[in-house]
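Okay, so here's the structure we're looking at.
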Amino acid sequence: MQLSGRVVGGVGVSARGWGWRHAGRAAWAVSELDLEIEAGDRVLLLGASGAGKSTLISALAGVLGGADEGEQAGSLLVGDSRPEDARGRVGLLLQDPDSQVMLARVGDDVAFGCENLGVPRDEIWRRVGSALDAVGLYLPLSHPTSELSGGQKQRLALAGVLAMQPQLLLLDEPTANLDPQGAVEVRDSVARVLEHSEATFVVIEHRVEIWRHLVQRVIVLAPGGGVLADGSPDAVLGARGAELAASGVWVPEYPPPLPARARARGTRHNSPVAAEALTRPDGGVALSEAVTSNRGRYTGLNSPQQSHFSQAGPAAAAACEAPGSDRAEAAARGAAASFAASAAAAGAGASFAASAAAAGAGASPGVLGGSVASAPTASLLRARQLAVARAKGHAVAAGLTLDVEAGRALAITGANGAGKSTLALTLAGLLAPAGGTLEASEAFASGAAAEPIRWKSKQLLTRVGTVFQDPEHQFLAQTVRDELAVGPRALKLARTEIDERVDELLERLRLTRLAAANPFTLSGGEKRRLSVATVLATRPALLVLDEPTFGQDSRTWAELVALLAELLDSGTALVAVTHDAAFVDALADDEFRMLGNPTPSPTAPPSSAPTRTAAAPAPILTDPAPAAPAPAAIRAAAQAPAAPAPAATERRP
Amino acid sequence: MSILTPHRGTQAVYAINPVAKIGAAFVLSLTLILSIDWVSAAVALVLEGILFLWAGLTPKVFFWRTLPVWIAAPAAALTTILYGRPSGETYFQFSLIHITDGSIELGIATMLRVLAIGLPAVVLFVTVDPTDLADGLAQVLHLPNRFVLGGLAGLRLMGLFLDDWRSLKLARRARGVGDSGRIRRFASLGFALLVLSIRRGSKLATAMEARGFGSRIKRTYARESTFGWREVLLMVIAAAVAVTAVSVSVSTGHWNFIGSTG
């Protein structure tokens, strides 16, 4: 490793019949492992969840603990010493950014490892400087660590590890808790480091594409013990790709199966009644009443739906009222709608609505597809000029106008710190709006107050189910079974009914085997499945999910998406905060982009959408033609009577 | 700026080793709790008031941070006036309440004492950076590393507690168990927070261990913590204030050693 002018060579790893059993467990986490990693090798370690990847990497780092933590078999050597004696020669980067920062200032935190290794003071500060350079973290040494983003915290931790000049660098799912931008930051930092390093490198990650080009070797651990495959990335992924994908590893060539959503794509209202409803100020209420009477018989209706937009300027209204395929052209007549029209003209296949600009222009691909709407939309929640805040008086976003509708999925996307989670928790009736209005339709409120924040905790259960970003925050019981029964019990359901629901959910989410386990002891994927299941137990009409797919393996991901698609088709409304483009593509009917700055702007380009028609150029703003009218849309937005909002809703195909 | 990374000023006081600040506050408090007369407390308070000009704090910060002391002092005085040991002329009596010359004097003395002990303690601690304190405790007082650095790293988790607490509260409401009584809810939230904290703590411990913490190698320190003339000067000033206060009190005949009848 090239730090402070010195090259530190790598060190090899050798496992002979090695195994480890955690104290109190019947099964071995790793068993009969024979493995040789040469000094300087760069290895991606794969395996199904539960194959013992993390156990192996913790053992190599010497942090697995002593005899009271578990039982060891065979031998495991780093270089020619036991890992416990190789401290300092091995550096380990863990998954959780928050628990890897030790000290309050950037420089001190990087220095921490060196201090523990007894490095002289002058040498420490030299190493701190070059380690921060190596990971590309150009911050003053006195910068508070609490002000770093997740990706920056991981890079800081990496710098701390590098400053120790390890001969073996271990990364345990370093990007699992990061958004895509943070993941790229960390990957690029590691790539920079490896360019100048001779250290042996081992990374665990279930997203293969992140590390594929940085490693020369892929080792797959078998769930039953031992090694399943070992070789170059192309060879292993070629031979075992399908198998790995089935076990939950994200292999680019084998994406997880997408559910067939029963929604019809690209449809619109064109009956006069619907069009009128769209432009009536009270249209939302009228529509929701119309459909709520159908609730319960909603399943299998599969009707194409399109929601109404916020009250718009005359041009936009005209666009909405214009019949048939003239709509896009009508929209083009209004400056405010010009962006939407261009998007449609470009064949984007998406229906754009600069809801932020209150333009209310809907240009639907249905114009091309020609399907016809047959049922109106059930609006559950109407947010008008909503401002959201975590703590009183500190609004993180304002002027948000959107609707949540039965059977539709609304994805809230955007930059970190834009207020996505805060908006979601406000929609879920957990945080009080800081401004504007948030009202539930009469049918959704069904007897409770119009404002969700005034609902009692029990009243929320059947109305809104919230899945938190960190599943551990929502666990209340000692066993998985009790956890699932918490909601139904609060509803005072009959015992048999509770048991029935719990058994069904256990089965559906592959948790039956774990019914008696403590929720906190589950794996990441299991925790996520449980947190979703607990919410489903009370059958809420609206599901609010905060980053449901963060760090999930591909199998859990596919199961979640399939389950949510099923719920959507049965009429449940869905609001999901997400950074996951694949998730948005698979499920979202509408995308609400939060821009994180007060300047209104038309919709940003959608992420690549594999489901879109072939004619569609995916990133719309790269096409100069549709990008051109954007300024006009901004001007129109500024002139619109309603205050512009820092967000935009995009109708998805 | 948080508690963990307080503002670092340019005044000399910021460069003083926190160990000396604790020592100075300790000397003052220990002397002043030996007596409950108003003279020693008043003398100490006047001298401290002058020294506060060099405390490195703006008036606004000073009053804001010492606000609890300003509230506690009159409260303590009032209690003593109402319930303190009666002596001299009685002004008012009802049930246990007995206001006399003696209880009023005692009340005023108590108030001055709370101020004279509380204000310097707060003022000295406001400018203490926890990282510097840990360095001082480990290098000057030679307290064990595990204890000092473990505590320092744990302190960082305090900020996360607040976020956890908020999320837990929202999650309870979302799970349908947020309607129960305030006390029950608080207790169950507290327990949940404890569970989360232990989990966070053990993760942090693993991360620290992975960075070589707790190994047998003799630790070095990236930041040097020294005890020089500034620190000695601060201790001497504190001792001088204490000695002056006691001397004036004794020479005017007000000194009243705690426990002895006055």
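Residue names in the structure tokens use chain letters A, B, ... in the order shown, residue numbers from 1 in each chain, and ligand numbers from 1 in the order shown.
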Counting only C-alpha atoms, what are the residues of chain B within 7 Å of chain A, and for each of them which pair of atoms is the nearest and at what distance in Å, to one decimal? Sort the table by chain and rising number, as JSON lines.
```
{"residue": "B:Leu4", "atom": "CA", "partner": "A:Ala104", "partner_atom": "CA", "distance": 6.0}
{"residue": "B:Thr5", "atom": "CA", "partner": "A:Ala104", "partner_atom": "CA", "distance": 6.2}
{"residue": "B:Ala153", "atom": "CA", "partner": "A:Met102", "partner_atom": "CA", "distance": 5.0}
{"residue": "B:Ser167", "atom": "CA", "partner": "A:His473", "partner_atom": "CA", "distance": 6.5}
{"residue": "B:Leu168", "atom": "CA", "partner": "A:His473", "partner_atom": "CA", "distance": 5.4}
{"residue": "B:Leu170", "atom": "CA", "partner": "A:Leu430", "partner_atom": "CA", "distance": 5.9}
{"residue": "B:Ala171", "atom": "CA", "partner": "A:Gln474", "partner_atom": "CA", "distance": 5.2}
{"residue": "B:Arg172", "atom": "CA", "partner": "A:Gln474", "partner_atom": "CA", "distance": 6.9}
{"residue": "B:Arg173", "atom": "CA", "partner": "A:Ser457", "partner_atom": "CA", "distance": 4.9}
{"residue": "B:Ala174", "atom": "CA", "partner": "A:Thr466", "partner_atom": "CA", "distance": 6.2}
{"residue": "B:Arg175", "atom": "CA", "partner": "A:Gly487", "partner_atom": "CA", "distance": 6.0}
{"residue": "B:Gly176", "atom": "CA", "partner": "A:Lys458", "partner_atom": "CA", "distance": 4.5}
{"residue": "B:Val177", "atom": "CA", "partner": "A:Ser457", "partner_atom": "CA", "distance": 6.3}
{"residue": "B:Gly178", "atom": "CA", "partner": "A:Ser457", "partner_atom": "CA", "distance": 5.2}
{"residue": "B:Asp179", "atom": "CA", "partner": "A:Ser457", "partner_atom": "CA", "distance": 5.7}
{"residue": "B:Arg200", "atom": "CA", "partner": "A:Ser99", "partner_atom": "CA", "distance": 6.6}
{"residue": "B:Lys203", "atom": "CA", "partner": "A:Ser99", "partner_atom": "CA", "distance": 6.0}
{"residue": "B:Leu204", "atom": "CA", "partner": "A:Ser99", "partner_atom": "CA", "distance": 4.8}
{"residue": "B:Thr206", "atom": "CA", "partner": "A:Val63", "partner_atom": "CA", "distance": 6.6}
{"residue": "B:Ala207", "atom": "CA", "partner": "A:Gln100", "partner_atom": "CA", "distance": 5.6}
{"residue": "B:Glu209", "atom": "CA", "partner": "A:Val63", "partner_atom": "CA", "distance": 6.7}
{"residue": "B:Ala210", "atom": "CA", "partner": "A:Leu92", "partner_atom": "CA", "distance": 6.1}
{"residue": "B:Arg211", "atom": "CA", "partner": "A:Gly113", "partner_atom": "CA", "distance": 4.7}
{"residue": "B:Gly212", "atom": "CA", "partner": "A:Asn116", "partner_atom": "CA", "distance": 5.5}
{"residue": "B:Phe213", "atom": "CA", "partner": "A:Asn116", "partner_atom": "CA", "distance": 5.4}
{"residue": "B:Ile217", "atom": "CA", "partner": "A:Leu117", "partner_atom": "CA", "distance": 6.1}
{"residue": "B:Lys218", "atom": "CA", "partner": "A:Gly118", "partner_atom": "CA", "distance": 5.7}
{"residue": "B:Arg219", "atom": "CA", "partner": "A:Gly118", "partner_atom": "CA", "distance": 4.6}
{"residue": "B:Thr220", "atom": "CA", "partner": "A:Gly118", "partner_atom": "CA", "distance": 4.7}
{"residue": "B:Tyr221", "atom": "CA", "partner": "A:Glu115", "partner_atom": "CA", "distance": 5.5}
{"residue": "B:Ala222", "atom": "CA", "partner": "A:Arg121", "partner_atom": "CA", "distance": 5.1}
```
Those in region 9-245 of chain B with strand (DSSP E) from DSSP, as a PyMOL selection string: chain B and resi 90-94+97-100
DSSP-assigned alpha helix (DSSP H) among region 119-249 of chain B, expressed as a PyMOL selection string: chain B and resi 119-126+130-139+145-174+182-210+229-249
Closest of B:Val123, B:Leu143, B:Ser225, B:Thr131 to Leu53 (chain B) - atom-to-atom distances counting only C-alpha atoms: B:Val123
For Phe62 (chain B): contacts at 12 Å, only C-alpha atoms, fewer than 2 positions along chain excluded, given as an MDAnalysis selection string: chainID B and resid 49 52:60 64:70 119:120 122:127
Shell of 6 Å around Asp101 (chain B), only C-alpha atoms, local chain residues under 2 positions omitted, as a PDB file with N, CA and C atoms, in the first residue's frame:
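After the write, result-v9.pdb holds the following:
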```pdb
ATOM      1  N   GLY B  88     -34.016  33.903  65.592  1.00  0.00           N
ATOM      2  CA  GLY B  88     -34.308  35.327  65.530  1.00  0.00           C
ATOM      3  C   GLY B  88     -35.805  35.579  65.406  1.00  0.00           C
ATOM      4  N   GLU B  89     -36.144  36.778  64.943  1.00  0.00           N
ATOM      5  CA  GLU B  89     -37.535  37.206  64.888  1.00  0.00           C
ATOM      6  C   GLU B  89     -38.331  36.415  63.846  1.00  0.00           C
ATOM      7  N   SER B 103     -33.665  32.145  59.058  1.00  0.00           N
ATOM      8  CA  SER B 103     -33.904  31.387  57.826  1.00  0.00           C
ATOM      9  C   SER B 103     -33.687  32.273  56.601  1.00  0.00           C
ATOM     10  N   ILE B 104     -33.976  33.588  56.762  1.00  0.00           N
ATOM     11  CA  ILE B 104     -33.732  34.490  55.624  1.00  0.00           C
ATOM     12  C   ILE B 104     -32.238  34.590  55.360  1.00  0.00           C
TER      13      ILE B 104
END
```
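Proximity ranking of B:Ala20, B:Ala242, B:Val13, B:His254 relative to Leu133 (chain B) places B:Ala20 first, based on only C-alpha atoms.
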Best match for closeness to Ala588 (chain A) among A:Gly525, A:Pro180, A:Gly12, A:Gly407, counting only C-alpha atoms: A:Gly407
